[in-house]
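Novice: Here it is: the structure, laid out below.
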Amino acid sequence: MHSSQSAPFNLVAAAHASMIEHGFQPEFPPGADAQLAAIQAHPEQPTVPGAQDLRSLLWSSIDNDTSKDLDQIEWAEQLPDGRIRVLVGVADVDARVGIGTVLDGHAKSETTSVYTGVKVFPMLPVELSEGITSLNENEDRISHVIEFSVDASGTVSDGKVYSALVRNHAQLAYNAVGAWLDGSGPAPAKVAASADLQAQLKLQDAAAQRMVGSRFQHGALDLETLETQPLMHADKPVEIVSLQKNRATSLIEEFMVAANGVAARTFEDAGVASIRRIVRVPKRWDRIVEVAQGLGTTLPADPDSKALNDFLLAQKQKDPVHFPDLSLTVIKLMGPGEYVLVKPNEPSPGHFGLAVQDYTHSTAPNRRFPDIVTQRLMKALLAHAPQPYSADDLNAIAVHCTLMEDNSRKVERDMQKRIAAVVLRPRIGQSFPAIVTGVNKYGTFVRTLNPHVDGMVVQGGKGLDVGDKVTAKLISTDPQKGFIDFAV
């Protein structure tokens with residue numbers, strides 16, 4: 001049994017230590033303050049030759065309730081031919097953070113902001129990522145606009161990229177907008193106050209619904225993993241809450257997939273090397289076939305994302321309680337995403353899970369370094385200037401970004417376990433409905449249903465198998481190790 005601790009556990013210190021353990025540098029390097037001060041001394045928007053003035057459009061952003069680093073805003077219009085034209089405005093971070101500077105070097109090393117639940121370790125100083133380079137409400141910002149049109153079948157066409165001055169007229173959040181769009185909740189105050197904003201969001205939703213239908217037809221995977229976050233009170237986690245997908249999260253996901261596809265195809269058409277985000281065809285497809293066979297479905301011998309998604313959709317209808325566990329199994333067997341160099345006239349491996357062939361990360365430059373690199377490549381292309389990175393440079397960046405993204409997941413996973421151990425510590429002795437999620441040589445593992453927390457069975461549990469429903473009594477937690485122990 002793992003020992004329970006009674007002294008308060010410092011989660012922020014643990015997060016800092018985990019960052020260092022996994023190769024991150026939580027503190028900004030010498031010279032960062034001076035560069036930041038120089039940027040702050042000129043808060044006016046940079047002048048970009050040829051940039052359009054699109055501030056009058058009814059732009060809005062939709063993000064998490066707590067997000068402060070706003071990377072993109074959206075706007076749409078109905079075209080006479082039935083298509084919907086969509087504009088995605090992306091923060092121009094490169095306009096403030098020049099290549100080869102101290103802050104750029106730090107971003108290149110870290111490659112991503114890390115969200116630990118109790119503290120965000122930003123890739124760029126918050127004065128930039130949540131301030132000067134964030135597309136904050138009612139602030140004029142220079143941006144990269146990625147434009148495309150969506151027809152009735154969900155096909156995306158007429159992609160183009162250009163610079164523009166924009167203004168976010170409404171900062172909105174996923175949960176409230178999603179509930180309003182699907183009819184399960186009232187309109188958020190900003191939406192209720194504006195008929196034009198209501199029409200705008202419904203048009204964006206219509207475009208997104210067209211696109212998601214098209215991607216599913218081509219084999220995009222409808223996966224549903226359980227994501228949680230701590231509910232904080234006085235800077236301490238007091239509960240674990242589940243994050244739910246909804247119409248608003250789907251809207252933004254579809255727009256980002258389309259926008260990243262436009263960026264990738266723009267490079268391809270121009271013969272420019274770029275970094276792509278890919279998920280390869282699963283090497284363990286045979287095991288995915290076995291899993292499906294065990295649930296009564298025969299999949300083709302060769303990888304087929306359409307057949308896999310048909311199976312997933314059927315299982316979601318048949319057994320929604322266990323669908324997140326099936327999704328997690330498939331994700332692990334598919335393998336993680338990675339960044340790769342794609343040279344001109346070379347085929348991209350594509351993104352198996354998204355059912356797209358052309359996909360680069362370009363829409364989150366405040367929190368991901370590959371997106372800043374993509375932004376710089378695009379700006380050079382649009383200006384007919386020499387490319388700022390060689391193919392060797394891009395390959396090295398892609399390899400490092402993949403490594404650090406894997407490390408960020410390890411940090412976030414460590415902290416999820418520790419936060420859960422802290423939140424549940426006062427509830428030792430209580431019982432929870434749970435499902436057995438794993439049985440192996442190391443032991444039996446369960447996931448409680450409310451809250452969603454994973455732990456190990458250290459008393460009882462003999463004869464249990466995956467999928468069994470049990471009542472799990474919490475007997476111990478260890479925040480330092482992230483252990484949560486149950487008896488059944």
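Every chain in the structure tokens takes a letter, A first, then B, and so on in the order presented; its residues are numbered from 1, and the ligands are numbered from 1 following the presented order.
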Give me the residues within 8 Å of range 117-134 of chain A as an MDAnalysis selection string, counting only C-alpha atoms and dropping any in the same chain fewer than 3 places off.
Specialist: chainID A and resid 11:12 15 26 36 40 43 68:71 91:93 96 103 106:107 110:114 141 229:230 235:237 366:368 412 415:416 419
Novice: Those same residues - N, CA, C and O atoms - I'd like them written as a compact mmCIF listing (two decimals), in the first residue's frame.
Specialist:
```txt
# COMPACT_ATOMS: atom_id res chain seq x y z
N LEU A 11 2.04 21.67 -5.15
CA LEU A 11 1.87 21.23 -6.54
C LEU A 11 2.65 22.11 -7.51
O LEU A 11 3.19 21.62 -8.52
N VAL A 12 2.74 23.39 -7.24
CA VAL A 12 3.47 24.29 -8.15
C VAL A 12 4.96 23.94 -8.15
O VAL A 12 5.60 23.88 -9.20
N ALA A 15 5.37 20.82 -10.13
CA ALA A 15 5.29 21.09 -11.57
C ALA A 15 6.61 21.66 -12.08
O ALA A 15 7.11 21.26 -13.15
N PRO A 26 12.20 26.26 -17.14
CA PRO A 26 11.03 27.05 -16.74
C PRO A 26 11.29 28.55 -16.65
O PRO A 26 10.35 29.35 -16.77
N LEU A 36 12.14 41.99 -23.96
CA LEU A 36 10.72 42.22 -23.67
C LEU A 36 10.47 43.71 -23.45
O LEU A 36 9.49 44.27 -23.97
N GLN A 40 7.90 46.15 -25.45
CA GLN A 40 6.86 46.88 -24.75
C GLN A 40 6.97 48.40 -24.95
O GLN A 40 5.98 49.13 -24.83
N PRO A 43 4.36 49.67 -28.25
CA PRO A 43 3.14 48.86 -28.26
C PRO A 43 2.29 49.02 -29.52
O PRO A 43 1.42 48.21 -29.78
N LYS A 68 -5.96 32.81 -21.96
CA LYS A 68 -5.59 34.22 -22.09
C LYS A 68 -4.67 34.45 -23.28
O LYS A 68 -4.47 35.59 -23.69
N ASP A 69 -4.07 33.37 -23.80
CA ASP A 69 -3.19 33.48 -24.98
C ASP A 69 -4.03 33.18 -26.21
O ASP A 69 -4.11 32.03 -26.65
N LEU A 70 -4.64 34.19 -26.77
CA LEU A 70 -5.58 34.00 -27.88
C LEU A 70 -4.83 34.04 -29.20
O LEU A 70 -4.30 35.07 -29.61
N ASP A 71 -4.81 32.91 -29.87
CA ASP A 71 -4.03 32.77 -31.11
C ASP A 71 -4.83 33.06 -32.37
O ASP A 71 -4.26 33.42 -33.39
N ALA A 91 -2.58 35.29 -34.87
CA ALA A 91 -1.67 36.29 -34.29
C ALA A 91 -0.31 36.27 -34.99
O ALA A 91 0.28 35.20 -35.17
N ASP A 92 0.18 37.45 -35.38
CA ASP A 92 1.49 37.55 -36.02
C ASP A 92 2.55 37.71 -34.93
O ASP A 92 2.94 38.83 -34.58
N VAL A 93 2.98 36.60 -34.38
CA VAL A 93 3.96 36.62 -33.30
C VAL A 93 5.35 37.01 -33.83
O VAL A 93 6.11 37.71 -33.17
N ARG A 96 6.80 40.52 -33.64
CA ARG A 96 7.34 41.01 -32.37
C ARG A 96 8.58 40.25 -31.92
O ARG A 96 9.45 40.80 -31.25
N LEU A 103 14.48 35.72 -27.01
CA LEU A 103 13.17 35.09 -26.80
C LEU A 103 12.89 34.02 -27.85
O LEU A 103 12.27 32.99 -27.56
N HIS A 106 14.77 30.91 -26.79
CA HIS A 106 14.08 30.20 -25.71
C HIS A 106 12.89 29.43 -26.26
O HIS A 106 12.67 28.26 -25.90
N ALA A 107 12.11 30.07 -27.13
CA ALA A 107 10.95 29.40 -27.73
C ALA A 107 11.39 28.20 -28.56
O ALA A 107 10.74 27.14 -28.54
N GLU A 110 12.24 25.43 -25.93
CA GLU A 110 11.08 24.88 -25.22
C GLU A 110 10.07 24.26 -26.17
O GLU A 110 9.46 23.23 -25.89
N THR A 111 9.81 24.92 -27.28
CA THR A 111 8.93 24.54 -28.40
C THR A 111 7.43 24.61 -28.10
O THR A 111 6.62 24.61 -29.02
N THR A 112 7.04 24.66 -26.81
CA THR A 112 5.61 24.65 -26.51
C THR A 112 5.37 25.23 -25.12
O THR A 112 6.24 25.14 -24.25
N SER A 113 4.20 25.83 -24.93
CA SER A 113 3.76 26.16 -23.58
C SER A 113 3.26 24.87 -22.92
O SER A 113 2.68 24.01 -23.59
N VAL A 114 3.49 24.74 -21.63
CA VAL A 114 3.10 23.53 -20.92
C VAL A 114 2.04 23.89 -19.88
O VAL A 114 2.25 24.79 -19.05
N ARG A 141 -4.83 44.36 -33.84
CA ARG A 141 -3.68 43.46 -33.94
C ARG A 141 -3.36 43.17 -35.41
O ARG A 141 -4.25 43.00 -36.23
N GLN A 229 -9.70 18.60 -15.92
CA GLN A 229 -8.90 19.71 -15.41
C GLN A 229 -9.32 19.98 -13.97
O GLN A 229 -10.45 19.69 -13.57
N PRO A 230 -8.40 20.52 -13.18
CA PRO A 230 -8.76 20.80 -11.78
C PRO A 230 -9.60 22.06 -11.67
O PRO A 230 -9.39 23.04 -12.40
N ASP A 235 -6.26 29.25 -5.49
CA ASP A 235 -5.04 28.67 -6.05
C ASP A 235 -4.79 27.22 -5.64
O ASP A 235 -3.66 26.72 -5.75
N LYS A 236 -5.83 26.56 -5.15
CA LYS A 236 -5.68 25.15 -4.78
C LYS A 236 -6.75 24.33 -5.50
O LYS A 236 -7.89 24.77 -5.63
N PRO A 237 -6.39 23.13 -5.99
CA PRO A 237 -7.39 22.29 -6.67
C PRO A 237 -8.35 21.69 -5.64
O PRO A 237 -7.91 21.14 -4.63
N ASN A 366 1.41 31.65 -30.42
CA ASN A 366 1.72 32.10 -29.06
C ASN A 366 2.15 30.96 -28.16
O ASN A 366 2.78 31.20 -27.12
N ARG A 367 1.81 29.73 -28.53
CA ARG A 367 2.05 28.61 -27.62
C ARG A 367 2.81 27.46 -28.26
O ARG A 367 3.14 26.49 -27.57
N ARG A 368 3.07 27.53 -29.59
CA ARG A 368 3.82 26.44 -30.25
C ARG A 368 4.87 27.04 -31.19
O ARG A 368 4.55 27.88 -32.03
N GLU A 412 2.53 16.91 -18.13
CA GLU A 412 1.10 17.09 -17.89
C GLU A 412 0.47 15.84 -17.28
O GLU A 412 -0.39 15.92 -16.40
N MET A 415 1.43 15.61 -13.59
CA MET A 415 0.70 16.57 -12.77
C MET A 415 -0.77 16.21 -12.64
O MET A 415 -1.39 16.46 -11.60
N GLN A 416 -1.35 15.62 -13.67
CA GLN A 416 -2.74 15.16 -13.54
C GLN A 416 -2.87 14.15 -12.40
O GLN A 416 -3.81 14.20 -11.60
N ILE A 419 -2.31 16.03 -8.99
CA ILE A 419 -3.47 16.86 -8.64
C ILE A 419 -4.62 15.99 -8.16
O ILE A 419 -5.28 16.30 -7.16
```
Novice: Would you list the contacts of range 156-169 of chain A as a ChimeraX atom specification, taking every protein, DNA or RNA residue within 9 Å and counting only C-alpha atoms, but skipping same-chain residues closer than 2 positions in sequence?
Specialist: /A:45,48-61,73-74,89,92,135-151,154,171,211,258-259,261-263,265-266,378-379,382
Novice: Mind checking which residues fall within 7 Å of range 267-284 of chain A, counting only C-alpha atoms, ignoring those fewer than 6 positions away in the same chain, and posting them as a list in words?
Specialist: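 Counting only the stated atoms, we get Pro303, Leu333, Met334, Gly335, Pro336, Gly337, Glu338, Tyr339, Val340, Leu341, Val342, Lys343, Pro344, Asn345, Pro349, Gly350, His351, Phe352, Gly353, Tyr359, Thr360, His361, Ala391, Leu394 and Ala398 of chain A.
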Novice: Taking only C-alpha atoms into account, name the residue in A:Gly294, A:Pro29, A:Pro46, A:Gly461 that is nearest to Ala95 in chain A.
Specialist: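 Result for the nearest residue to Ala95 in chain A: A:Pro46.
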Novice: Which residues come within 12 Å of Val321 in chain A, counting only C-alpha atoms, excluding same-chain residues fewer than 6 positions away, as an NGL selection string?
Specialist: :A and (224-226 or 315 or 327 or 434-437 or 447-449 or 467-469)
Novice: For the selection just defined, write its residues with C-alpha atoms to a file, as a short mmCIF file (atom, residue, chain, number, x, y, z; two decimals), in the first residue's frame.
Specialist:
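Below is the file that was written, again_35.cif:
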```
data_model
loop_
_atom_site.label_atom_id
_atom_site.label_comp_id
_atom_site.auth_asym_id
_atom_site.auth_seq_id
_atom_site.Cartn_x
_atom_site.Cartn_y
_atom_site.Cartn_z
CA GLU A 224 -13.44 10.47 -27.46
CA THR A 225 -10.82 10.51 -24.74
CA LEU A 226 -11.53 11.63 -21.20
CA GLN A 315 -19.19 1.06 -30.76
CA SER A 327 -10.60 5.50 -28.03
CA ALA A 434 -15.73 2.62 -11.13
CA ILE A 435 -14.80 0.57 -14.20
CA VAL A 436 -11.85 -1.78 -14.51
CA THR A 437 -9.60 -0.31 -17.21
CA ARG A 447 -11.22 4.55 -13.32
CA THR A 448 -13.78 6.17 -11.08
CA LEU A 449 -16.74 7.69 -12.91
CA GLY A 467 -14.91 -3.54 -18.40
CA ASP A 468 -16.18 -4.88 -15.08
CA LYS A 469 -18.18 -2.35 -13.06
#
```
Novice: I'd like the contact shell of Leu474 in chain A - 8 Å cut-off, only C-alpha atoms, skipping same-chain residues fewer than 5 positions apart - returned as a list of chain:residue names.
Specialist: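 Listed by chain and then number, they are A:Arg427, A:Ile428, A:Gly429, A:Gln430, A:Ser431, A:Phe432, A:Ile484, A:Asp485, A:Phe486, A:Ala487.
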Novice: Next, write the just-selected residues to a file, as a JSON list (two decimals), in the first residue's frame, keeping N, CA, C and O atoms as the atom set.
Specialist:
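Okay, this is what ended up in selection.json:
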```json
[["chain", "number", "residue", "atom", "x", "y", "z"],
["A", 427, "ARG", "N", -10.87, 12.58, 0.83],
["A", 427, "ARG", "CA", -11.99, 11.66, 0.63],
["A", 427, "ARG", "C", -11.59, 10.20, 0.86],
["A", 427, "ARG", "O", -12.31, 9.29, 0.46],
["A", 428, "ILE", "N", -10.45, 9.99, 1.49],
["A", 428, "ILE", "CA", -10.03, 8.63, 1.83],
["A", 428, "ILE", "C", -11.10, 7.98, 2.70],
["A", 428, "ILE", "O", -11.60, 8.57, 3.65],
["A", 429, "GLY", "N", -11.46, 6.76, 2.33],
["A", 429, "GLY", "CA", -12.53, 6.04, 3.02],
["A", 429, "GLY", "C", -13.84, 6.06, 2.28],
["A", 429, "GLY", "O", -14.73, 5.23, 2.56],
["A", 430, "GLN", "N", -14.00, 6.98, 1.33],
["A", 430, "GLN", "CA", -15.22, 7.03, 0.53],
["A", 430, "GLN", "C", -15.16, 6.01, -0.60],
["A", 430, "GLN", "O", -14.08, 5.59, -1.04],
["A", 431, "SER", "N", -16.34, 5.64, -1.09],
["A", 431, "SER", "CA", -16.44, 4.67, -2.19],
["A", 431, "SER", "C", -16.99, 5.36, -3.42],
["A", 431, "SER", "O", -17.80, 6.29, -3.34],
["A", 432, "PHE", "N", -16.57, 4.86, -4.61],
["A", 432, "PHE", "CA", -16.93, 5.47, -5.88],
["A", 432, "PHE", "C", -17.32, 4.37, -6.88],
["A", 432, "PHE", "O", -16.66, 3.31, -6.91],
["A", 484, "ILE", "N", -2.79, 6.60, -6.47],
["A", 484, "ILE", "CA", -4.12, 6.57, -5.88],
["A", 484, "ILE", "C", -4.50, 5.11, -5.76],
["A", 484, "ILE", "O", -4.55, 4.40, -6.77],
["A", 485, "ASP", "N", -4.76, 4.66, -4.55],
["A", 485, "ASP", "CA", -5.00, 3.24, -4.29],
["A", 485, "ASP", "C", -6.44, 2.98, -3.84],
["A", 485, "ASP", "O", -6.99, 3.73, -3.03],
["A", 486, "PHE", "N", -7.00, 1.88, -4.37],
["A", 486, "PHE", "CA", -8.37, 1.52, -4.06],
["A", 486, "PHE", "C", -8.45, 0.08, -3.55],
["A", 486, "PHE", "O", -7.58, -0.74, -3.85],
["A", 487, "ALA", "N", -9.55, -0.19, -2.84],
["A", 487, "ALA", "CA", -9.96, -1.55, -2.51],
["A", 487, "ALA", "C", -11.31, -1.77, -3.15],
["A", 487, "ALA", "O", -12.14, -0.86, -3.22]]
```
Novice: Based on the backbone DSSP call, show me all residues of range 267-308 of chain A assigned strand (DSSP E or B), as a PyMOL selection string.
Specialist: chain A and resi 274-279
Novice: Just want the 12 Å neighbourhood of Arg413 in chain A, counted on only C-alpha atoms, with same-chain residues fewer than 2 positions away dropped. Output as a list in words.
Specialist: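 Counting only C-alpha atoms, the residues come to Ala15, Ser18, Met19, His22, Val114, Tyr115, Thr116, Gly117, Glu227, Thr228, Gln229, Asp406, Asn407, Ser408, Arg409, Lys410, Val411, Met415, Gln416, Lys417, Arg418, Ile419, Ala420, Asp454, Lys481 and Gly482 of chain A.
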Novice: What separation in Å, quoted to one decimal, exists between CA of Gln480 in chain A and CA of Lys332 in chain A?
Specialist: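 We find that CA of Gln480 in chain A and CA of Lys332 in chain A lie 26.0 Å from each other.
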Novice: Do a neighbour search on Met256 in chain A at 9 Å with only C-alpha atoms, toss out local chain neighbours closer than 3 positions, and write the hits as a list in words.
Specialist: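 With the cut-off at 9 Å, the set is Val88, Leu251, Ile252, Glu253, Ala259, Asn260, Gly261, His361, Ser362 and Thr363 of chain A.
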Novice: Can you write just those residues out, C-alpha atoms, as a compact mmCIF listing (two decimals), in the first residue's frame?
Specialist:
```
# COMPACT_ATOMS: atom_id res chain seq x y z
CA VAL A 88 -9.21 32.68 -39.70
CA LEU A 251 -16.28 24.46 -34.90
CA ILE A 252 -12.79 25.59 -33.95
CA GLU A 253 -11.27 22.16 -34.62
CA ALA A 259 -6.61 26.51 -42.15
CA ASN A 260 -3.59 24.28 -41.53
CA GLY A 261 -4.40 22.44 -44.76
CA HIS A 361 0.74 23.61 -37.56
CA SER A 362 0.18 27.31 -38.21
CA THR A 363 -2.66 28.52 -35.99
```
Novice: Can you tell me, as a ChimeraX atom specification, which residues in range 101-264 of chain A count as helix (DSSP H, G or I) by DSSP?
Specialist: /A:102-110,126-132,174-181,189-192,195-217,247-264
Novice: How far is it from CA of Pro80 in chain A to CA of Asp205 in chain A, in Å with one decimal?
Specialist: 18.2 Å
Novice: Using Å and a single decimal, report how far CA of Leu328 in chain A sits from CA of Ala179 in chain A.
Specialist: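 If I compute the distance from CA of Ala179 in chain A to CA of Leu328 in chain A, I get 25.6 Å.
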